[in-house]
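S.K.: Have a look at this one.
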Amino acid sequence: MASPRLTGLVPESMSSGAGAVNLVLNERIRRLSATGRDIVNFSFGQSPFPPMDIAVRALQENAHRTGYEPVKGILPLRKAIARAHAERDGLHFELDNIVVGPGSKELIFLLMNVFNGDIILPSPAWVTYGPQATLSGSSSVLMELREEDGWRVTPEILAEVAKKVYEKEQVAAIL
């Protein structure tokens with residue numbers, strides 16, 4: 001039972017008592033693995049595989065760099081991100097519009113907290129994005145992606161989800 005002093009401090013949306021989906025999934029994977037099933041566990045978004053040698057070397061070569069880096073991320077990485085999107089997706093971004101952070105979940109959560117509108121979430125997606133939208137006080141709308149489209153957003157999918165959002169006359173962000 002919660003202390004009377006804490007009543008009202010936790011938003012109603014956070015007090016459902018439901019466990020985090022990734023924790024529930026991790027427990028199920030643990031039980032299945034105990035029966036001898038060969039399962040690769042990605043339930044926490046943490047790779048069970050060792051880092052690539054090139055990444056290990058880069059970390060070793062840069063371990064002496066202990067100061068804070070630019071808030072948006074180091075320029076060579078932002079340039080590589082811009083180049084990758086240009087080559088893979090045909091998208092061209094200004095370097096000032098690229099921000100590098102400690103992880104996508106944190107960056108997405110921060111974005112959700114500064115955005116005032118519905119959050120359009122791809123489905124399938126990482127299991128915590130929906131609860132993150134709830135934590136940020138936003139409503140979320142699912143955008144069903146399809147394997148035959150390479151799990152990418154198509155104009156048809158975007159038009160379908162836009163109808164749901166515009167019915168409420170809301171502004172939305174796609175994550």
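Letters for chains follow the order of the structure tokens (A, B, ...), residue numbers begin at 1 for each chain, and ligand numbers begin at 1 in the order shown.
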Might you pull out every residue within 12 Å of stretch 121-125 of chain A, with only C-alpha atoms counted and same-chain residues fewer than 2 positions away left off, and present them as a count of residues only?

M.R.: 36

S.K.: Neighbours of A:Phe44 within 12 Å (only C-alpha atoms; same-chain residues fewer than 3 positions away dropped), as a list in words?

M.R.: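 Final neighbour list, sorted by chain and number: Ala20, Val21, Asn22, Leu23, Val24, Leu25, Asn26, Glu27, Ile29, Val40, Asn41, Ser47, Pro48, Lys105, Trp126, Val127 and Thr128 of chain A.
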
S.K.: Generate the output file for the selected residues, all heavy atoms, as a short mmCIF file (atom, residue, chain, number, x, y, z; two decimals), in the first residue's frame.

M.R.:
data_model
loop_
_atom_site.label_atom_id
_atom_site.label_comp_id
_atom_site.auth_asym_id
_atom_site.auth_seq_id
_atom_site.Cartn_x
_atom_site.Cartn_y
_atom_site.Cartn_z
N ALA A 20 6.66 -3.70 -17.09
CA ALA A 20 7.22 -3.26 -18.37
C ALA A 20 7.27 -4.45 -19.32
O ALA A 20 7.69 -5.55 -18.93
CB ALA A 20 8.61 -2.67 -18.16
N VAL A 21 6.85 -4.23 -20.55
CA VAL A 21 6.75 -5.32 -21.52
C VAL A 21 8.09 -6.00 -21.72
O VAL A 21 8.16 -7.23 -21.81
CB VAL A 21 6.20 -4.78 -22.86
CG1 VAL A 21 6.18 -5.87 -23.91
CG2 VAL A 21 4.81 -4.22 -22.66
N ASN A 22 9.18 -5.23 -21.78
CA ASN A 22 10.49 -5.87 -22.00
C ASN A 22 10.92 -6.71 -20.81
O ASN A 22 11.58 -7.74 -20.98
CB ASN A 22 11.55 -4.85 -22.39
CG ASN A 22 11.73 -3.75 -21.37
OD1 ASN A 22 10.81 -3.38 -20.64
ND2 ASN A 22 12.92 -3.20 -21.32
N LEU A 23 10.51 -6.35 -19.60
CA LEU A 23 10.83 -7.18 -18.44
C LEU A 23 10.03 -8.48 -18.47
O LEU A 23 10.55 -9.55 -18.15
CB LEU A 23 10.54 -6.42 -17.14
CG LEU A 23 11.40 -5.18 -16.88
CD1 LEU A 23 10.94 -4.48 -15.61
CD2 LEU A 23 12.86 -5.54 -16.81
N VAL A 24 8.78 -8.38 -18.85
CA VAL A 24 7.94 -9.57 -18.98
C VAL A 24 8.51 -10.49 -20.06
O VAL A 24 8.62 -11.71 -19.87
CB VAL A 24 6.48 -9.18 -19.29
CG1 VAL A 24 5.63 -10.39 -19.61
CG2 VAL A 24 5.88 -8.40 -18.12
N LEU A 25 8.88 -9.90 -21.18
CA LEU A 25 9.46 -10.68 -22.28
C LEU A 25 10.77 -11.33 -21.85
O LEU A 25 11.02 -12.51 -22.13
CB LEU A 25 9.69 -9.77 -23.49
CG LEU A 25 10.28 -10.42 -24.73
CD1 LEU A 25 9.40 -11.54 -25.23
CD2 LEU A 25 10.47 -9.36 -25.82
N ASN A 26 11.61 -10.61 -21.13
CA ASN A 26 12.88 -11.16 -20.68
C ASN A 26 12.66 -12.36 -19.76
O ASN A 26 13.37 -13.37 -19.84
CB ASN A 26 13.70 -10.09 -19.95
CG ASN A 26 15.09 -10.59 -19.63
OD1 ASN A 26 15.88 -10.90 -20.51
ND2 ASN A 26 15.39 -10.68 -18.33
N GLU A 27 11.67 -12.28 -18.88
CA GLU A 27 11.37 -13.39 -17.97
C GLU A 27 10.89 -14.61 -18.75
O GLU A 27 11.28 -15.74 -18.46
CB GLU A 27 10.32 -12.96 -16.94
CG GLU A 27 10.07 -13.96 -15.87
CD GLU A 27 11.31 -14.34 -15.07
OE1 GLU A 27 12.23 -13.51 -14.93
OE2 GLU A 27 11.37 -15.49 -14.59
N ILE A 29 11.64 -15.34 -21.86
CA ILE A 29 12.82 -15.86 -22.57
C ILE A 29 13.70 -16.66 -21.61
O ILE A 29 14.21 -17.72 -21.97
CB ILE A 29 13.60 -14.71 -23.23
CG1 ILE A 29 12.80 -14.15 -24.41
CG2 ILE A 29 14.98 -15.16 -23.69
CD1 ILE A 29 13.35 -12.87 -24.97
N VAL A 40 18.06 -16.08 -28.85
CA VAL A 40 18.88 -14.88 -28.78
C VAL A 40 18.01 -13.80 -28.15
O VAL A 40 16.97 -13.44 -28.69
CB VAL A 40 19.39 -14.46 -30.17
CG1 VAL A 40 20.20 -13.17 -30.07
CG2 VAL A 40 20.22 -15.58 -30.80
N ASN A 41 18.42 -13.28 -27.02
CA ASN A 41 17.62 -12.37 -26.22
C ASN A 41 17.92 -10.91 -26.58
O ASN A 41 18.98 -10.40 -26.26
CB ASN A 41 17.88 -12.63 -24.74
CG ASN A 41 16.99 -11.81 -23.84
OD1 ASN A 41 16.24 -10.95 -24.29
ND2 ASN A 41 17.07 -12.07 -22.55
N SER A 47 22.64 -6.00 -27.34
CA SER A 47 23.08 -7.12 -28.15
C SER A 47 23.80 -8.17 -27.31
O SER A 47 24.67 -7.85 -26.50
CB SER A 47 24.01 -6.65 -29.26
OG SER A 47 24.53 -7.76 -29.96
N PRO A 48 23.47 -9.44 -27.52
CA PRO A 48 24.19 -10.51 -26.83
C PRO A 48 25.49 -10.88 -27.56
O PRO A 48 26.23 -11.73 -27.10
CB PRO A 48 23.19 -11.67 -26.87
CG PRO A 48 22.43 -11.44 -28.13
CD PRO A 48 22.32 -9.95 -28.28
N LYS A 105 16.43 5.26 -27.57
CA LYS A 105 15.29 5.34 -26.64
C LYS A 105 15.29 6.66 -25.88
O LYS A 105 14.25 7.28 -25.71
CB LYS A 105 15.31 4.16 -25.67
CG LYS A 105 14.83 2.87 -26.28
CD LYS A 105 14.67 1.78 -25.26
CE LYS A 105 16.01 1.25 -24.86
NZ LYS A 105 15.97 0.09 -23.98
N TRP A 126 9.95 -0.96 -31.12
CA TRP A 126 10.47 -1.31 -29.81
C TRP A 126 9.36 -1.19 -28.78
O TRP A 126 8.56 -0.25 -28.82
CB TRP A 126 11.66 -0.42 -29.46
CG TRP A 126 12.25 -0.76 -28.13
CD1 TRP A 126 12.29 0.03 -27.03
CD2 TRP A 126 12.85 -2.01 -27.74
NE1 TRP A 126 12.87 -0.63 -25.98
CE2 TRP A 126 13.23 -1.90 -26.40
CE3 TRP A 126 13.10 -3.20 -28.41
CZ2 TRP A 126 13.85 -2.92 -25.70
CZ3 TRP A 126 13.71 -4.22 -27.71
CH2 TRP A 126 14.09 -4.07 -26.38
N VAL A 127 9.29 -2.11 -27.84
CA VAL A 127 8.16 -2.24 -26.92
C VAL A 127 7.97 -1.08 -25.96
O VAL A 127 6.88 -0.92 -25.42
CB VAL A 127 8.25 -3.56 -26.12
CG1 VAL A 127 8.17 -4.76 -27.03
CG2 VAL A 127 9.53 -3.60 -25.27
N THR A 128 8.97 -0.27 -25.74
CA THR A 128 8.82 0.81 -24.76
C THR A 128 8.36 2.13 -25.37
O THR A 128 8.08 3.07 -24.64
CB THR A 128 10.13 1.05 -23.98
OG1 THR A 128 11.15 1.43 -24.90
CG2 THR A 128 10.53 -0.17 -23.19
#

S.K.: Can you check which residues of stretch 22-165 of chain A DSSP gives as strand (DSSP E) on the backbone and send them as a list in words?

M.R.: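 Residues of stretch 22-165 of chain A classed as strand (DSSP E): Asp118, Ile119, Ile120, Leu121, Pro122, Ser123, Ser140, Val141, Leu142, Met143 and Glu144 of chain A.
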
S.K.: Would you export the selected residues with all heavy atoms as a tab-separated table (two decimals), in the first residue's frame, please?

M.R.:
chain	number	residue	atom	x	y	z
A	118	ASP	N	0.09	14.35	-31.02
A	118	ASP	CA	0.09	12.89	-31.06
A	118	ASP	C	1.44	12.38	-31.56
A	118	ASP	O	2.10	13.02	-32.36
A	118	ASP	CB	-1.00	12.37	-32.01
A	118	ASP	CG	-2.40	12.51	-31.44
A	118	ASP	OD1	-2.52	12.77	-30.23
A	118	ASP	OD2	-3.35	12.36	-32.21
A	119	ILE	N	1.80	11.20	-31.10
A	119	ILE	CA	3.02	10.54	-31.53
A	119	ILE	C	2.62	9.37	-32.42
A	119	ILE	O	1.85	8.50	-32.00
A	119	ILE	CB	3.83	10.01	-30.31
A	119	ILE	CG1	4.11	11.13	-29.31
A	119	ILE	CG2	5.10	9.32	-30.78
A	119	ILE	CD1	4.99	12.24	-29.81
A	120	ILE	N	3.11	9.36	-33.64
A	120	ILE	CA	2.83	8.26	-34.56
A	120	ILE	C	3.97	7.26	-34.42
A	120	ILE	O	5.13	7.59	-34.66
A	120	ILE	CB	2.71	8.75	-36.01
A	120	ILE	CG1	1.54	9.73	-36.11
A	120	ILE	CG2	2.52	7.57	-36.97
A	120	ILE	CD1	1.41	10.40	-37.47
A	121	LEU	N	3.62	6.06	-34.00
A	121	LEU	CA	4.62	5.02	-33.76
A	121	LEU	C	4.53	3.95	-34.84
A	121	LEU	O	3.44	3.46	-35.15
A	121	LEU	CB	4.39	4.37	-32.40
A	121	LEU	CG	4.48	5.28	-31.19
A	121	LEU	CD1	4.05	4.53	-29.94
A	121	LEU	CD2	5.89	5.81	-31.05
A	122	PRO	N	5.68	3.56	-35.39
A	122	PRO	CA	5.65	2.45	-36.34
A	122	PRO	C	5.34	1.16	-35.61
A	122	PRO	O	5.65	1.02	-34.43
A	122	PRO	CB	7.07	2.43	-36.91
A	122	PRO	CG	7.91	3.02	-35.82
A	122	PRO	CD	7.03	4.03	-35.14
A	123	SER	N	4.70	0.26	-36.31
A	123	SER	CA	4.45	-1.06	-35.75
A	123	SER	C	4.79	-2.07	-36.82
A	123	SER	O	4.26	-2.00	-37.91
A	123	SER	CB	2.99	-1.20	-35.35
A	123	SER	OG	2.74	-2.49	-34.84
A	140	SER	N	-0.66	8.11	-28.57
A	140	SER	CA	0.09	7.51	-29.67
A	140	SER	C	-0.87	6.86	-30.65
A	140	SER	O	-1.93	6.38	-30.27
A	140	SER	CB	1.10	6.49	-29.15
A	140	SER	OG	0.48	5.47	-28.42
A	141	VAL	N	-0.48	6.90	-31.91
A	141	VAL	CA	-1.24	6.31	-33.00
A	141	VAL	C	-0.30	5.33	-33.69
A	141	VAL	O	0.84	5.70	-34.02
A	141	VAL	CB	-1.72	7.38	-34.00
A	141	VAL	CG1	-2.46	6.75	-35.17
A	141	VAL	CG2	-2.58	8.42	-33.30
A	142	LEU	N	-0.74	4.09	-33.89
A	142	LEU	CA	0.12	3.10	-34.53
A	142	LEU	C	0.05	3.21	-36.05
A	142	LEU	O	-1.02	3.40	-36.62
A	142	LEU	CB	-0.27	1.68	-34.11
A	142	LEU	CG	0.05	1.31	-32.68
A	142	LEU	CD1	-0.39	-0.13	-32.41
A	142	LEU	CD2	1.53	1.47	-32.38
A	143	MET	N	1.22	3.09	-36.67
A	143	MET	CA	1.35	3.08	-38.12
A	143	MET	C	1.84	1.69	-38.50
A	143	MET	O	3.00	1.34	-38.24
A	143	MET	CB	2.36	4.16	-38.55
A	143	MET	CG	2.62	4.21	-40.01
A	143	MET	SD	3.64	5.63	-40.49
A	143	MET	CE	4.95	5.64	-39.28
A	144	GLU	N	0.94	0.87	-39.04
A	144	GLU	CA	1.26	-0.53	-39.35
A	144	GLU	C	2.16	-0.62	-40.58
A	144	GLU	O	1.73	-0.30	-41.68
A	144	GLU	CB	-0.03	-1.33	-39.58
A	144	GLU	CG	-0.97	-1.36	-38.39
A	144	GLU	CD	-0.44	-2.17	-37.22
A	144	GLU	OE1	0.43	-3.05	-37.43
A	144	GLU	OE2	-0.90	-1.93	-36.09

S.K.: Leaving out stretch 90-97 of chain A and any residue of its chain fewer than 4 positions from it, which residues lie within 7 Å of it when counting only C-alpha atoms, given as a compact mmCIF listing (two decimals) with C-alpha atoms, in the first residue's frame?

M.R.:
# COMPACT_ATOMS: atom_id res chain seq x y z
CA ARG A 78 27.15 13.49 -38.05
CA LYS A 79 28.69 13.61 -41.55
CA ALA A 82 24.12 12.30 -43.38
CA HIS A 85 20.90 8.51 -45.32
CA ALA A 86 21.76 10.11 -48.65

S.K.: Expressed in Å to a single decimal, how great is the separation between atom CA of A:Leu110 and atom CA of A:Leu135?

M.R.: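 Taking atom CA of A:Leu110 and atom CA of A:Leu135, their separation equals 10.8 Å.
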
S.K.: Taking only C-alpha atoms into account, name the residue in A:Ile98, A:Ala159, A:Leu107, A:Met52 that is nearest to A:Leu75.

M.R.: A:Ile98

S.K.: Could you state the separation of atom CA of A:Phe115 and atom CA of A:Gly137 in Å, given to one decimal place?

M.R.: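 We find that atom CA of A:Phe115 and atom CA of A:Gly137 lie 9.9 Å from each other.
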
S.K.: Any idea what's packed within 9 Å of A:Gly73, counting only C-alpha atoms, ignoring anything in its chain fewer than 2 positions away? Could you give it as an mmCIF file with all heavy atoms, in the first residue's frame?

M.R.:
data_model
loop_
_atom_site.group_PDB
_atom_site.id
_atom_site.type_symbol
_atom_site.label_atom_id
_atom_site.label_comp_id
_atom_site.auth_asym_id
_atom_site.auth_seq_id
_atom_site.Cartn_x
_atom_site.Cartn_y
_atom_site.Cartn_z
ATOM 1 N N GLU A 69 32.028 16.110 -25.412
ATOM 2 C CA GLU A 69 31.998 16.338 -26.855
ATOM 3 C C GLU A 69 30.874 17.326 -27.159
ATOM 4 O O GLU A 69 30.052 17.630 -26.293
ATOM 5 C CB GLU A 69 31.773 15.013 -27.593
ATOM 6 C CG GLU A 69 32.907 14.009 -27.414
ATOM 7 C CD GLU A 69 34.234 14.469 -28.020
ATOM 8 O OE1 GLU A 69 34.251 15.429 -28.808
ATOM 9 O OE2 GLU A 69 35.264 13.867 -27.676
ATOM 10 N N PRO A 70 30.815 17.833 -28.389
ATOM 11 C CA PRO A 70 29.734 18.771 -28.741
ATOM 12 C C PRO A 70 28.354 18.162 -28.457
ATOM 13 O O PRO A 70 28.149 16.960 -28.634
ATOM 14 C CB PRO A 70 29.924 18.992 -30.248
ATOM 15 C CG PRO A 70 31.361 18.655 -30.501
ATOM 16 C CD PRO A 70 31.710 17.580 -29.510
ATOM 17 N N VAL A 71 27.426 18.993 -28.034
ATOM 18 C CA VAL A 71 26.093 18.546 -27.657
ATOM 19 C C VAL A 71 25.415 17.781 -28.797
ATOM 20 O O VAL A 71 24.748 16.774 -28.565
ATOM 21 C CB VAL A 71 25.217 19.746 -27.214
ATOM 22 C CG1 VAL A 71 23.776 19.331 -27.010
ATOM 23 C CG2 VAL A 71 25.783 20.361 -25.943
ATOM 24 N N LEU A 75 31.421 15.950 -35.285
ATOM 25 C CA LEU A 75 31.161 16.244 -36.688
ATOM 26 C C LEU A 75 31.397 15.051 -37.622
ATOM 27 O O LEU A 75 30.561 14.801 -38.493
ATOM 28 C CB LEU A 75 31.982 17.460 -37.131
ATOM 29 C CG LEU A 75 31.685 17.994 -38.520
ATOM 30 C CD1 LEU A 75 30.215 18.385 -38.663
ATOM 31 C CD2 LEU A 75 32.581 19.191 -38.813
ATOM 32 N N PRO A 76 32.487 14.280 -37.472
ATOM 33 C CA PRO A 76 32.660 13.148 -38.387
ATOM 34 C C PRO A 76 31.512 12.139 -38.329
ATOM 35 O O PRO A 76 31.104 11.602 -39.361
ATOM 36 C CB PRO A 76 33.972 12.503 -37.922
ATOM 37 C CG PRO A 76 34.707 13.586 -37.214
ATOM 38 C CD PRO A 76 33.639 14.444 -36.583
ATOM 39 N N LEU A 77 30.947 11.910 -37.150
ATOM 40 C CA LEU A 77 29.829 10.988 -37.023
ATOM 41 C C LEU A 77 28.574 11.569 -37.665
ATOM 42 O O LEU A 77 27.842 10.875 -38.375
ATOM 43 C CB LEU A 77 29.571 10.637 -35.552
ATOM 44 C CG LEU A 77 28.403 9.697 -35.280
ATOM 45 C CD1 LEU A 77 28.544 8.390 -36.061
ATOM 46 C CD2 LEU A 77 28.300 9.426 -33.783
ATOM 47 N N ARG A 78 28.322 12.858 -37.446
ATOM 48 C CA ARG A 78 27.150 13.490 -38.053
ATOM 49 C C ARG A 78 27.263 13.485 -39.577
ATOM 50 O O ARG A 78 26.270 13.269 -40.281
ATOM 51 C CB ARG A 78 26.972 14.904 -37.495
ATOM 52 C CG ARG A 78 26.556 14.834 -36.023
ATOM 53 C CD ARG A 78 26.478 16.150 -35.274
ATOM 54 N NE ARG A 78 26.095 17.287 -36.030
ATOM 55 C CZ ARG A 78 26.765 18.451 -36.004
ATOM 56 N NH1 ARG A 78 27.855 18.591 -35.276
ATOM 57 N NH2 ARG A 78 26.335 19.470 -36.705
ATOM 58 N N ILE A 98 21.204 17.180 -37.507
ATOM 59 C CA ILE A 98 21.520 15.819 -37.062
ATOM 60 C C ILE A 98 22.048 15.901 -35.638
ATOM 61 O O ILE A 98 22.989 16.639 -35.358
ATOM 62 C CB ILE A 98 22.560 15.151 -37.989
ATOM 63 C CG1 ILE A 98 21.965 14.997 -39.395
ATOM 64 C CG2 ILE A 98 23.008 13.802 -37.416
ATOM 65 C CD1 ILE A 98 22.943 14.482 -40.424
ATOM 66 N N VAL A 99 21.421 15.135 -34.737
ATOM 67 C CA VAL A 99 21.820 15.105 -33.338
ATOM 68 C C VAL A 99 22.145 13.662 -32.974
ATOM 69 O O VAL A 99 21.372 12.753 -33.260
ATOM 70 C CB VAL A 99 20.694 15.632 -32.416
ATOM 71 C CG1 VAL A 99 21.091 15.533 -30.955
ATOM 72 C CG2 VAL A 99 20.336 17.064 -32.785
ATOM 73 N N VAL A 100 23.295 13.470 -32.341
ATOM 74 C CA VAL A 100 23.727 12.146 -31.895
ATOM 75 C C VAL A 100 23.577 12.099 -30.382
ATOM 76 O O VAL A 100 23.884 13.075 -29.692
ATOM 77 C CB VAL A 100 25.198 11.888 -32.288
ATOM 78 C CG1 VAL A 100 25.671 10.546 -31.778
ATOM 79 C CG2 VAL A 100 25.354 11.980 -33.811
ATOM 80 N N GLY A 101 23.083 10.987 -29.865
ATOM 81 C CA GLY A 101 22.899 10.871 -28.425
ATOM 82 C C GLY A 101 23.339 9.518 -27.927
ATOM 83 O O GLY A 101 23.837 8.686 -28.689
#

S.K.: How far is it from atom CA of A:Ala55 to atom CA of A:Ser104, in Å with one decimal?

M.R.: 18.4 Å
